[in-house]
Amino acid sequence: MTEVELTSGDFTEGNEPFSLFGAWLKDATASEINDPNAVAVATVDENGLPNVRMVLLKGYDERGFVFYTNFESQKGRELLGQQKAAMVFHWKSLRRQVRLRGEVEVVTDAEADEYYATRPRGSRIGAWASKQSRPLEGRFALEKAVAEYTARYAIGEIPRPPHWSGFRIRPVSIEFWHDRPFRLHDRVEFRRDTPEGDWQKVRMYP
Ligand SMILES: Cc1cc2nc3c(=O)[nH]c(=O)nc-3n(C[C@H](O)[C@H](O)[C@H](O)COP(=O)(O)O)c2cc1C
């Protein structure tokens, strides 16, 4: 097993989770072969059936963890409906996991506009052309939609589609897990009763 130099010495020190998350994401950015910000997002539908898929984390701070998507997609509808979600990062090369759960809010229009403007032109067209999570009769229908929106927005800025924006998960729990020999892993959970509350730190059996 590869021994990993911990970013911040003993990661079980510290009284809030965000600086530790930042340190681990930085390590992952240096070590992962691609997409260190890839994260699984779990939602639940109106019947209580869970759902999970990967997204890319596009921002985090004390308010929570942000990603962008189509609000008419399966996940969009589930998040708008239940307003609760969970995430898990797994950085294989570091043998680390971070999981979190909490309430969901929609980012502000200004925040979404700012991020949308940084996306490549093709991705901005794609946000218009894809009816994400709905049946597609064939690849040609998607290419036709891309061609149509490319023509429509040939000149000038491409506006952000009204159905495309970001969700922020406001965590009430963040758990850090780091592989240790003989499966005697280190696990530390930061938890709080509400997204506005103070963090409590709990060390757990692996
Ligand atoms: C590494 C990776 C990153 C992804 N990032 C996003 C993302 O940031 N936003 C998004 O809407 N879909 C992203 N996807 C696609 C989703 O996993 C999913 O297929 C799509 O959003 C439809 O999910 P839904 O039907 O549950 O809404 C990503 C997929 C992978 C494998």
# chains A, B, ... in the order shown; residues from 1 in each chain; ligands from 1
>>> residues_around(residues="Asp186 (chain A)", least_positions_apart="6", cutoff="9 Å", atoms="only C-alpha atoms", output="VMD selection string")
chain A and resid 11 to 12 176 to 180 203 to 206
>>> residues_near_ligand(ligand="ligand 1", cutoff="7 Å", atoms="only C-alpha atoms and all ligand atoms", output="PyMOL selection string")
chain A and resi 35+38+51-57+67-70+73-76+132-133
>>> residues_around(residues="region 195-202 of chain A", least_positions_apart="4", cutoff="7 Å", atoms="only C-alpha atoms", output="list in words")
Asn15, Glu16, Arg170, Pro171, Val172, Val188, Glu189, Phe190 and Arg191 of chain A
>>> write_last_selection(atoms="C-alpha atoms", output="compact mmCIF listing (two decimals), in the first residue's frame")
# COMPACT_ATOMS: atom_id res chain seq x y z
CA ASN A 15 -12.70 22.11 14.25
CA GLU A 16 -14.34 22.77 10.90
CA ARG A 170 -25.64 22.85 2.50
CA PRO A 171 -24.06 20.12 4.58
CA VAL A 172 -25.13 19.02 8.04
CA VAL A 188 -13.87 11.67 11.30
CA GLU A 189 -17.34 13.14 10.94
CA PHE A 190 -18.19 16.81 11.36
CA ARG A 191 -21.89 17.17 12.08
>>> closest_residue(among="A:Asn37, A:Ser123, A:Gln83, A:Thr118", to="Val106 (chain A)", atoms="only C-alpha atoms")
A:Gln83
>>> closest_residue(among="A:Pro181, A:Pro135, A:Pro17, A:Gly122", to="Tyr153 (chain A)", atoms="only C-alpha atoms")
A:Gly122
>>> residues_around(residues="region 147-152 of chain A", least_positions_apart="6", cutoff="12 Å", atoms="only C-alpha atoms", output="list in words")
Arg121, Gly122, Ser123, Arg124, Ile125, Gly126, Ala127, Trp128, Ala129, Ser130, Phe140, Ala141, Ile158, Pro159 and Pro161 of chain A
>>> write_last_selection(atoms="N, CA and C atoms", output="PDB file, in the first residue's frame")
ATOM      1  N   ARG A 121     -17.909  27.806 -25.558  1.00  0.00           N
ATOM      2  CA  ARG A 121     -19.076  28.094 -26.385  1.00  0.00           C
ATOM      3  C   ARG A 121     -19.896  26.820 -26.689  1.00  0.00           C
ATOM      4  N   GLY A 122     -19.199  25.737 -27.011  1.00  0.00           N
ATOM      5  CA  GLY A 122     -19.885  24.482 -27.330  1.00  0.00           C
ATOM      6  C   GLY A 122     -20.707  23.959 -26.158  1.00  0.00           C
ATOM      7  N   SER A 123     -20.190  24.138 -24.943  1.00  0.00           N
ATOM      8  CA  SER A 123     -20.928  23.680 -23.764  1.00  0.00           C
ATOM      9  C   SER A 123     -22.146  24.552 -23.517  1.00  0.00           C
ATOM     10  N   ARG A 124     -22.023  25.835 -23.846  1.00  0.00           N
ATOM     11  CA  ARG A 124     -23.182  26.729 -23.666  1.00  0.00           C
ATOM     12  C   ARG A 124     -24.275  26.385 -24.680  1.00  0.00           C
ATOM     13  N   ILE A 125     -23.866  26.057 -25.906  1.00  0.00           N
ATOM     14  CA  ILE A 125     -24.839  25.591 -26.913  1.00  0.00           C
ATOM     15  C   ILE A 125     -25.463  24.269 -26.442  1.00  0.00           C
ATOM     16  N   GLY A 126     -24.611  23.381 -25.924  1.00  0.00           N
ATOM     17  CA  GLY A 126     -25.088  22.081 -25.458  1.00  0.00           C
ATOM     18  C   GLY A 126     -26.144  22.201 -24.372  1.00  0.00           C
ATOM     19  N   ALA A 127     -25.982  23.209 -23.517  1.00  0.00           N
ATOM     20  CA  ALA A 127     -26.965  23.403 -22.440  1.00  0.00           C
ATOM     21  C   ALA A 127     -28.346  23.712 -23.014  1.00  0.00           C
ATOM     22  N   TRP A 128     -28.379  24.374 -24.172  1.00  0.00           N
ATOM     23  CA  TRP A 128     -29.653  24.635 -24.849  1.00  0.00           C
ATOM     24  C   TRP A 128     -30.150  23.387 -25.576  1.00  0.00           C
ATOM     25  N   ALA A 129     -29.218  22.655 -26.211  1.00  0.00           N
ATOM     26  CA  ALA A 129     -29.621  21.589 -27.134  1.00  0.00           C
ATOM     27  C   ALA A 129     -30.050  20.310 -26.415  1.00  0.00           C
ATOM     28  N   SER A 130     -29.530  20.068 -25.204  1.00  0.00           N
ATOM     29  CA  SER A 130     -29.819  18.793 -24.538  1.00  0.00           C
ATOM     30  C   SER A 130     -31.051  18.887 -23.651  1.00  0.00           C
ATOM     31  N   PHE A 140     -28.916  11.841 -34.314  1.00  0.00           N
ATOM     32  CA  PHE A 140     -29.147  12.904 -35.295  1.00  0.00           C
ATOM     33  C   PHE A 140     -30.009  14.024 -34.698  1.00  0.00           C
ATOM     34  N   ALA A 141     -31.005  13.662 -33.897  1.00  0.00           N
ATOM     35  CA  ALA A 141     -31.892  14.679 -33.307  1.00  0.00           C
ATOM     36  C   ALA A 141     -31.085  15.633 -32.417  1.00  0.00           C
ATOM     37  N   ILE A 158     -24.283  33.972 -25.796  1.00  0.00           N
ATOM     38  CA  ILE A 158     -25.272  32.894 -25.677  1.00  0.00           C
ATOM     39  C   ILE A 158     -25.855  33.000 -24.269  1.00  0.00           C
ATOM     40  N   PRO A 159     -27.132  33.312 -24.146  1.00  0.00           N
ATOM     41  CA  PRO A 159     -27.689  33.463 -22.804  1.00  0.00           C
ATOM     42  C   PRO A 159     -27.748  32.131 -22.062  1.00  0.00           C
ATOM     43  N   PRO A 161     -29.607  29.220 -20.416  1.00  0.00           N
ATOM     44  CA  PRO A 161     -30.985  28.743 -20.511  1.00  0.00           C
ATOM     45  C   PRO A 161     -31.682  28.848 -19.152  1.00  0.00           C
TER      46      PRO A 161
END
